[in-house]
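One file, protein29.tsv, is given below (TSV, C-alpha atoms).
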```tsv
chain	number	residue	atom	x	y	z
F	239	MET	CA	-132.31	35.22	97.42
F	240	GLY	CA	-130.65	32.74	99.75
F	241	LEU	CA	-129.01	33.56	103.08
F	242	THR	CA	-129.53	36.92	104.73
F	243	ILE	CA	-128.55	38.44	108.06
F	244	GLY	CA	-130.89	39.87	110.64
F	245	VAL	CA	-129.66	42.37	113.23
F	246	ASP	CA	-131.32	42.97	116.59
F	247	ILE	CA	-130.17	46.10	118.44
F	248	GLY	CA	-130.60	45.63	122.18
F	249	GLY	CA	-129.83	47.85	125.11
F	250	THR	CA	-126.77	45.83	126.14
F	251	LYS	CA	-125.87	43.79	123.05
F	252	ILE	CA	-126.25	43.77	119.29
F	253	ALA	CA	-126.98	40.35	117.79
F	254	ALA	CA	-126.57	39.41	114.14
F	255	GLY	CA	-127.71	36.08	112.76
F	256	VAL	CA	-127.54	34.31	109.40
F	257	VAL	CA	-131.05	33.13	108.50
F	258	ASP	CA	-132.11	30.77	105.71
F	259	GLU	CA	-135.31	30.80	103.65
F	260	GLU	CA	-137.09	28.60	106.22
F	261	GLY	CA	-136.43	31.06	109.05
F	262	GLN	CA	-133.72	28.93	110.65
F	263	ILE	CA	-130.81	30.72	112.29
F	264	LEU	CA	-127.56	29.15	111.08
F	265	SER	CA	-125.08	31.23	113.04
F	266	THR	CA	-125.03	34.23	115.37
F	267	PHE	CA	-122.53	36.82	116.49
F	268	LYS	CA	-122.99	39.27	119.36
F	269	VAL	CA	-121.15	42.43	120.35
F	270	PRO	CA	-121.73	44.86	123.25
F	271	THR	CA	-123.93	47.86	122.47
F	272	PRO	CA	-121.69	50.96	122.47
F	273	PRO	CA	-122.82	54.16	124.21
F	274	THR	CA	-122.62	56.39	121.11
F	275	ALA	CA	-124.76	56.48	117.98
F	276	GLU	CA	-121.78	56.24	115.62
F	277	GLY	CA	-120.30	53.45	117.72
F	278	ILE	CA	-123.49	51.46	117.25
F	279	VAL	CA	-123.12	51.70	113.47
F	280	ASP	CA	-119.59	50.29	113.77
F	281	ALA	CA	-120.82	47.57	116.12
F	282	ILE	CA	-123.58	46.53	113.70
F	283	SER	CA	-120.99	46.22	110.96
F	284	SER	CA	-118.73	44.11	113.19
F	285	ALA	CA	-121.60	41.83	114.17
F	286	VAL	CA	-122.55	41.37	110.50
F	287	ALA	CA	-118.96	40.49	109.63
F	288	GLY	CA	-118.73	38.01	112.50
F	289	ALA	CA	-122.02	36.27	111.72
F	290	SER	CA	-121.39	36.04	107.98
F	291	GLU	CA	-118.01	34.31	108.29
F	292	GLY	CA	-118.22	31.04	106.36
F	293	HIS	CA	-121.56	31.94	104.75
F	294	ASP	CA	-122.48	33.46	101.41
F	295	VAL	CA	-124.75	36.27	102.61
F	296	GLU	CA	-126.71	38.44	100.20
F	297	ALA	CA	-128.38	41.18	102.29
F	298	VAL	CA	-128.83	42.58	105.80
F	299	GLY	CA	-132.01	43.50	107.67
F	300	ILE	CA	-131.79	45.70	110.76
F	301	GLY	CA	-134.50	45.99	113.41
F	302	ALA	CA	-134.30	49.42	115.03
F	303	ALA	CA	-136.44	50.74	117.87
F	304	GLY	CA	-137.88	53.97	116.59
F	305	TYR	CA	-139.47	55.62	113.57
F	306	VAL	CA	-138.09	54.37	110.26
F	307	ASP	CA	-138.91	56.25	107.05
F	308	ASP	CA	-141.01	54.89	104.20
F	309	LYS	CA	-137.89	53.97	102.19
F	310	ARG	CA	-136.69	51.74	105.05
F	311	ALA	CA	-133.40	53.59	105.03
F	312	THR	CA	-133.39	56.34	107.66
F	313	VAL	CA	-134.16	56.20	111.36
F	314	LEU	CA	-136.16	59.38	111.82
F	315	PHE	CA	-136.19	59.16	115.61
F	316	ALA	CA	-134.95	56.58	118.12
F	317	PRO	CA	-136.04	56.98	121.76
F	318	ASN	CA	-133.03	55.23	123.31
F	319	ILE	CA	-130.29	56.15	120.83
F	320	ASN	CA	-129.33	59.64	119.72
F	321	TRP	CA	-130.48	58.98	116.17
F	322	ARG	CA	-132.33	61.85	114.47
F	323	HIS	CA	-132.73	61.36	110.70
F	324	GLU	CA	-129.89	58.84	110.87
F	325	PRO	CA	-129.03	57.42	107.40
F	326	LEU	CA	-128.47	53.95	108.84
F	327	LYS	CA	-128.92	52.05	105.58
F	328	ASP	CA	-126.25	54.03	103.76
F	329	LYS	CA	-123.77	53.88	106.63
F	330	VAL	CA	-124.02	50.11	107.12
F	331	GLU	CA	-123.95	49.45	103.37
F	332	GLN	CA	-120.73	51.46	103.09
F	333	ARG	CA	-119.11	49.42	105.85
F	334	THR	CA	-120.35	45.95	104.86
F	335	GLY	CA	-120.70	46.14	101.07
F	336	LEU	CA	-124.12	44.45	101.35
F	337	PRO	CA	-127.63	45.71	100.56
F	338	VAL	CA	-129.37	46.82	103.77
F	339	VAL	CA	-133.02	47.16	104.78
F	340	VAL	CA	-133.88	49.03	107.99
F	341	GLU	CA	-137.17	48.28	109.74
F	342	ASN	CA	-138.83	49.16	113.01
F	343	ASP	CA	-138.02	46.36	115.46
F	344	ALA	CA	-141.66	45.63	116.35
F	345	ASN	CA	-142.55	45.43	112.66
F	346	ALA	CA	-139.66	43.03	112.13
F	347	ALA	CA	-140.82	40.84	115.02
F	348	ALA	CA	-144.38	40.87	113.70
F	349	TRP	CA	-143.17	39.79	110.26
F	350	GLY	CA	-141.09	37.01	111.80
F	351	GLU	CA	-144.11	35.64	113.66
F	352	TYR	CA	-146.31	35.94	110.58
F	353	ARG	CA	-143.85	34.10	108.34
F	354	PHE	CA	-142.39	31.49	110.65
F	355	GLY	CA	-144.29	31.54	113.96
F	356	ALA	CA	-147.82	31.79	115.28
F	357	GLY	CA	-149.09	33.70	112.24
F	358	GLN	CA	-148.55	30.91	109.74
F	359	GLY	CA	-151.78	30.15	107.91
F	360	HIS	CA	-153.21	33.64	108.46
F	361	ASP	CA	-153.40	36.39	105.84
F	362	ASP	CA	-154.45	39.16	108.25
F	363	VAL	CA	-152.58	39.39	111.54
F	364	ILE	CA	-152.07	42.08	114.17
F	365	CYS	CA	-149.13	41.61	116.52
F	366	ILE	CA	-148.56	43.32	119.84
F	367	THR	CA	-145.48	43.03	122.02
F	368	LEU	CA	-146.01	43.40	125.75
F	369	GLY	CA	-142.52	44.20	126.96
F	370	THR	CA	-141.19	47.16	128.90
F	371	GLY	CA	-143.45	49.17	126.60
F	372	LEU	CA	-146.02	48.11	124.00
F	373	GLY	CA	-145.22	47.75	120.31
F	374	GLY	CA	-146.92	46.20	117.35
F	375	GLY	CA	-147.13	45.33	113.68
F	376	ILE	CA	-149.83	45.11	111.01
F	377	ILE	CA	-149.98	42.41	108.35
F	378	ILE	CA	-153.06	42.72	106.13
F	379	GLY	CA	-153.46	40.80	102.88
F	380	ASN	CA	-150.09	39.10	103.47
F	381	LYS	CA	-148.28	42.45	103.45
F	382	LEU	CA	-146.59	44.42	106.21
F	383	ARG	CA	-148.50	47.69	106.42
F	384	ARG	CA	-146.23	50.57	107.39
F	385	GLY	CA	-148.35	53.59	106.47
F	386	ARG	CA	-147.52	56.43	104.11
F	387	PHE	CA	-144.55	57.67	106.11
F	388	GLY	CA	-143.40	54.31	107.50
F	389	VAL	CA	-144.40	54.85	111.12
F	390	ALA	CA	-147.71	52.99	111.46
F	391	ALA	CA	-148.54	50.50	114.26
F	392	GLU	CA	-147.24	52.58	117.16
F	393	PHE	CA	-150.04	50.99	119.17
F	394	GLY	CA	-148.46	51.72	122.52
F	395	HIS	CA	-149.09	55.42	122.05
F	396	ILE	CA	-152.77	55.25	121.27
F	397	ARG	CA	-154.36	57.37	123.99
F	398	VAL	CA	-156.80	55.19	125.92
F	399	VAL	CA	-157.28	57.47	128.96
F	400	PRO	CA	-157.73	61.20	128.25
F	401	ASP	CA	-155.41	63.15	130.55
F	402	GLY	CA	-154.21	59.83	131.99
F	403	LEU	CA	-150.76	58.78	133.15
F	404	LEU	CA	-147.80	60.65	131.71
F	405	CYS	CA	-145.98	58.61	129.09
F	406	GLY	CA	-142.32	58.72	128.16
F	407	CYS	CA	-143.36	59.94	124.71
F	408	GLY	CA	-144.60	63.17	126.30
F	409	SER	CA	-148.31	62.43	125.91
F	410	GLN	CA	-150.77	61.24	128.56
F	411	GLY	CA	-152.91	58.14	128.86
F	412	CYS	CA	-151.05	56.01	126.29
F	413	TRP	CA	-152.02	52.34	126.07
F	414	GLU	CA	-148.56	51.15	127.12
F	415	GLN	CA	-148.95	52.92	130.45
F	416	TYR	CA	-151.72	50.44	131.23
F	417	ALA	CA	-150.66	47.29	129.35
F	418	SER	CA	-146.91	46.64	129.56
F	419	GLY	CA	-144.22	45.29	131.84
F	420	ARG	CA	-143.87	48.70	133.49
F	421	ALA	CA	-147.62	48.79	134.12
F	422	LEU	CA	-147.54	45.30	135.65
F	423	VAL	CA	-144.87	46.35	138.17
F	424	ARG	CA	-146.84	49.48	139.02
F	425	TYR	CA	-150.01	47.47	139.63
F	426	ALA	CA	-148.19	45.03	141.87
F	427	LYS	CA	-146.52	47.76	143.91
F	428	GLN	CA	-149.79	49.61	144.40
F	429	ARG	CA	-151.59	46.47	145.54
F	430	ALA	CA	-148.78	45.27	147.78
F	431	ASN	CA	-148.61	48.68	149.41
F	432	ALA	CA	-152.37	48.75	150.00
F	433	THR	CA	-152.71	45.16	151.26
F	434	PRO	CA	-149.30	43.80	152.29
F	435	GLU	CA	-151.04	40.97	154.13
F	436	ASN	CA	-152.05	39.61	150.71
F	437	ALA	CA	-148.53	39.81	149.31
F	438	PRO	CA	-146.17	37.82	151.57
F	439	ILE	CA	-145.05	35.58	148.72
F	440	LEU	CA	-144.40	38.51	146.39
F	441	LEU	CA	-142.56	40.56	149.00
F	442	GLY	CA	-140.54	37.54	150.07
F	443	LEU	CA	-139.19	37.02	146.57
F	444	GLY	CA	-137.64	40.50	146.60
F	445	ASP	CA	-135.95	42.38	149.41
F	446	GLY	CA	-139.11	42.48	151.52
F	447	THR	CA	-140.08	45.99	150.48
F	448	VAL	CA	-142.63	47.23	147.97
F	449	GLU	CA	-139.89	49.21	146.22
F	450	GLY	CA	-137.94	46.00	145.63
F	451	ILE	CA	-140.67	44.32	143.56
F	452	GLU	CA	-139.56	43.43	140.03
F	453	GLY	CA	-141.31	41.82	137.09
F	454	LYS	CA	-139.69	38.43	137.65
F	455	HIS	CA	-140.98	38.42	141.24
F	456	ILE	CA	-144.54	39.06	140.08
F	457	SER	CA	-144.38	36.18	137.60
F	458	GLU	CA	-143.05	33.72	140.17
F	459	ALA	CA	-145.49	34.89	142.85
F	460	ALA	CA	-148.42	34.51	140.44
F	461	ARG	CA	-147.34	30.94	139.67
F	462	GLN	CA	-147.41	30.31	143.42
F	463	GLY	CA	-150.94	31.72	143.68
F	464	CYS	CA	-150.16	35.09	145.31
F	465	PRO	CA	-153.42	37.09	145.15
F	466	VAL	CA	-151.70	40.42	144.56
F	467	ALA	CA	-149.58	39.05	141.72
F	468	VAL	CA	-152.49	37.25	140.05
F	469	ASP	CA	-154.68	40.34	140.33
F	470	SER	CA	-151.93	42.49	138.83
F	471	PHE	CA	-151.76	40.22	135.78
F	472	ARG	CA	-155.54	40.39	135.47
F	473	GLU	CA	-155.46	44.18	135.51
F	474	LEU	CA	-152.84	44.26	132.76
F	475	ALA	CA	-154.86	41.70	130.78
F	476	ARG	CA	-158.04	43.76	131.16
F	477	TRP	CA	-156.38	46.73	129.46
F	478	ALA	CA	-154.62	44.58	126.85
F	479	GLY	CA	-157.81	42.77	125.85
F	480	ALA	CA	-159.83	45.98	125.66
F	481	GLY	CA	-157.18	47.44	123.35
F	482	LEU	CA	-157.31	44.38	121.11
F	483	ALA	CA	-161.07	44.82	120.84
F	484	ASP	CA	-160.49	48.36	119.56
F	485	LEU	CA	-157.90	47.10	117.07
F	486	ALA	CA	-160.40	44.48	115.87
F	487	SER	CA	-162.78	47.32	115.01
F	488	LEU	CA	-160.02	48.95	112.96
F	489	PHE	CA	-158.41	45.99	111.19
F	490	ASP	CA	-160.67	42.92	111.59
F	491	PRO	CA	-157.78	40.40	111.57
F	492	SER	CA	-158.18	36.65	111.82
F	493	ALA	CA	-155.58	36.53	114.59
F	494	PHE	CA	-153.84	38.62	117.20
F	495	ILE	CA	-150.37	37.46	118.18
F	496	VAL	CA	-149.21	38.49	121.63
F	497	GLY	CA	-145.45	38.55	122.17
F	498	GLY	CA	-142.93	40.26	124.41
F	499	GLY	CA	-141.62	39.35	127.83
F	500	VAL	CA	-145.01	39.55	129.58
F	501	SER	CA	-146.44	36.95	127.18
F	502	ASP	CA	-143.82	34.45	128.33
F	503	GLU	CA	-146.20	33.68	131.21
F	504	GLY	CA	-148.48	31.89	128.74
F	505	GLU	CA	-152.06	31.24	129.79
F	506	LEU	CA	-151.57	33.13	133.04
F	507	VAL	CA	-151.88	36.30	130.98
F	508	LEU	CA	-153.36	35.07	127.68
F	509	ASP	CA	-156.55	33.56	129.13
F	510	PRO	CA	-157.61	36.82	130.87
F	511	ILE	CA	-156.63	38.79	127.75
F	512	ARG	CA	-158.99	36.63	125.69
F	513	LYS	CA	-161.79	37.12	128.22
F	514	SER	CA	-161.30	40.88	128.20
F	515	PHE	CA	-161.17	40.91	124.41
F	516	ARG	CA	-164.51	39.09	124.21
F	517	ARG	CA	-165.98	41.37	126.87
F	518	TRP	CA	-165.15	44.59	124.99
F	519	LEU	CA	-165.53	43.47	121.38
F	520	ILE	CA	-168.32	45.54	119.83
F	521	GLY	CA	-171.04	43.25	118.47
F	522	GLY	CA	-169.09	40.31	119.78
F	523	GLU	CA	-172.20	38.19	120.24
F	524	TRP	CA	-172.90	38.24	116.50
F	525	ARG	CA	-169.52	38.53	114.78
F	526	PRO	CA	-166.58	36.12	114.29
F	527	HIS	CA	-163.84	36.43	116.89
F	528	ALA	CA	-160.18	36.70	115.99
F	529	GLN	CA	-157.93	34.17	117.67
F	530	VAL	CA	-155.61	35.48	120.37
F	531	LEU	CA	-152.39	33.49	120.06
F	532	ALA	CA	-149.10	33.35	121.92
F	533	ALA	CA	-146.03	34.30	119.93
F	534	GLN	CA	-143.80	31.32	119.15
F	535	LEU	CA	-140.39	32.74	118.25
F	536	GLY	CA	-139.64	34.56	121.50
F	537	GLY	CA	-136.61	36.81	121.38
F	538	LYS	CA	-135.63	35.50	117.93
F	539	ALA	CA	-138.64	37.04	116.15
F	540	GLY	CA	-137.08	40.41	115.41
F	541	LEU	CA	-133.82	39.00	114.07
F	542	VAL	CA	-135.58	36.39	111.91
F	543	GLY	CA	-138.13	38.90	110.67
F	544	ALA	CA	-135.51	41.52	109.78
F	545	ALA	CA	-133.52	38.93	107.84
F	546	ASP	CA	-136.60	37.84	105.91
F	547	LEU	CA	-137.56	41.45	105.11
F	548	ALA	CA	-134.07	41.92	103.70
F	549	ARG	CA	-134.73	38.86	101.54
F	550	GLN	CA	-137.96	40.40	100.30
F	551	GLY	CA	-135.99	43.48	99.27
```

Take the structure in the file and write it out as structure tokens.
Amino acid sequence: MGLTIGVDIGGTKIAAGVVDEEGQILSTFKVPTPPTAEGIVDAISSAVAGASEGHDVEAVGIGAAGYVDDKRATVLFAPNINWRHEPLKDKVEQRTGLPVVVENDANAAAWGEYRFGAGQGHDDVICITLGTGLGGGIIIGNKLRRGRFGVAAEFGHIRVVPDGLLCGCGSQGCWEQYASGRALVRYAKQRANATPENAPILLGLGDGTVEGIEGKHISEAARQGCPVAVDSFRELARWAGAGLADLASLFDPSAFIVGGGVSDEGELVLDPIRKSFRRWLIGGEWRPHAQVLAAQLGGKAGLVGAADLARQG
């Protein structure tokens, strides 16, 4: 199969891109994300039509945030869209006339990194995305592992603290409450509130109040050496690395790939994640250590991965 289209459904825009067999994006087309579930289906179809103009496209892959069934056809549940057992594959196929594969967006991003990014050369890779929440993907033996019902790798909702912080999923103590962009902001606000004398740089980048602290302020303050910002990254990294150590006990991969917006800070967050991983790895003194690598494709990973999964069929 030659050219395929990958679709990335974002909160404000839907992006479709024509992708070749080498993972190169040849053209893109973006449309605003509508407020209704049915409107999103129409928008996906419009984006596919726009991106495919001038190209001979053979299939479409869609990355959707939520639970996708084992047939990669139906979105069982989407947290941010009113999709409940939504037959997305059938609806988009009817509108576009092209074969469609639907995949969880984190799985699609993991596959993109495995095929064309940091995972090249590895047969067994675990990906995590440290964004607003925490997502992931499992590639073992060169195959994307989705589980019997298609909803594996929801790493963010592994409970790491019994009766811990309330999560948006309704449970308590989920990993993403301690290792994610939201967690980073919470850490920074707590520390700035407790010791404002250590946070003049951080507070100065916002509106001067603890409530005004945003993720971008923490990143910039950390680069400038702000103790509160640096310590907040270390706290996030401590939880992220400890979680990777647990995943190593489950999957024993040769590499972990860390993506998502938080990972854009590079070694500022990756170095302490590696240290925490080594600290908490059971038997770490006597066993091989998986590499902890930065994702390479950035925001393109999901689109590229979805397109390639459509190519795989």

Exercise. Take the point (-147.5, 32.9, 137.1) as written in the file and pick out every residue within 9 Å of it, counting only C-alpha atoms; give the list as a VMD selection string.
Key: chain F and resid 456 to 464 467 to 468 471 503 to 507

Self-check item: Nearest residue to F:Phe489 from the set F:Glu276, F:Asp362, F:Glu473, F:Asp307 (distances using all atoms listed in the file)
Solution: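 With all atoms listed in the file as the atom set, the closest residue is F:Asp362.
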
So that all listed atoms of stretch 436-442 of chain F fit with 8 Å spare on each side, what axis-aligned box centre and edge lengths in Å, to one decimal, would you give as JSON?
```
{"center_x": -146.3, "center_y": 38.1, "center_z": 149.0, "size_x": 27.5, "size_y": 21.0, "size_z": 21.2}
```

Counting all atoms listed in the file, what are the residues of stretch 247-322 of chain F within 10 Å of stretch 382-393 of chain F, and for each of them which pair of atoms is the nearest and at what distance in Å, to one decimal? Sort the table by chain and rising number, as CSV.
```
residue,atom,partner,partner_atom,distance
F:Gly304,CA,F:Val389,CA,8.6
F:Tyr305,CA,F:Val389,CA,5.6
F:Val306,CA,F:Gly388,CA,6.0
F:Asp307,CA,F:Gly388,CA,4.9
F:Asp308,CA,F:Gly388,CA,4.1
F:Lys309,CA,F:Gly388,CA,7.7
F:Arg310,CA,F:Gly388,CA,7.6
F:Leu314,CA,F:Val389,CA,9.4
```

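Nearest to F:Ile366 of all the residues F:Thr447, F:Gln550, F:Asn431, F:Asn345 is F:Asn345, based on all atoms listed in the file.
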
Could you pull stretch 263-286 of chain F out of the structure just shown and give C-alpha atoms as a CSV table (one decimal), in the first residue's frame?
```
chain,number,residue,atom,x,y,z
F,263,ILE,CA,4.1,14.0,5.7
F,264,LEU,CA,3.5,15.1,2.1
F,265,SER,CA,0.5,17.5,2.7
F,266,THR,CA,-1.8,18.5,5.6
F,267,PHE,CA,-5.2,20.0,6.0
F,268,LYS,CA,-6.7,21.3,9.2
F,269,VAL,CA,-10.3,22.2,10.2
F,270,PRO,CA,-11.7,23.5,13.5
F,271,THR,CA,-13.0,20.9,15.9
F,272,PRO,CA,-16.8,21.2,16.0
F,273,PRO,CA,-18.6,21.1,19.4
F,274,THR,CA,-20.8,18.1,18.5
F,275,ALA,CA,-20.0,14.4,18.0
F,276,GLU,CA,-21.6,14.2,14.6
F,277,GLY,CA,-20.0,17.5,13.6
F,278,ILE,CA,-16.6,15.9,14.3
F,279,VAL,CA,-17.3,13.1,11.9
F,280,ASP,CA,-18.2,15.6,9.2
F,281,ALA,CA,-15.0,17.6,10.0
F,282,ILE,CA,-12.8,14.5,9.8
F,283,SER,CA,-14.3,13.7,6.4
F,284,SER,CA,-13.6,17.3,5.2
F,285,ALA,CA,-10.0,17.2,6.5
F,286,VAL,CA,-9.4,13.9,4.7
```
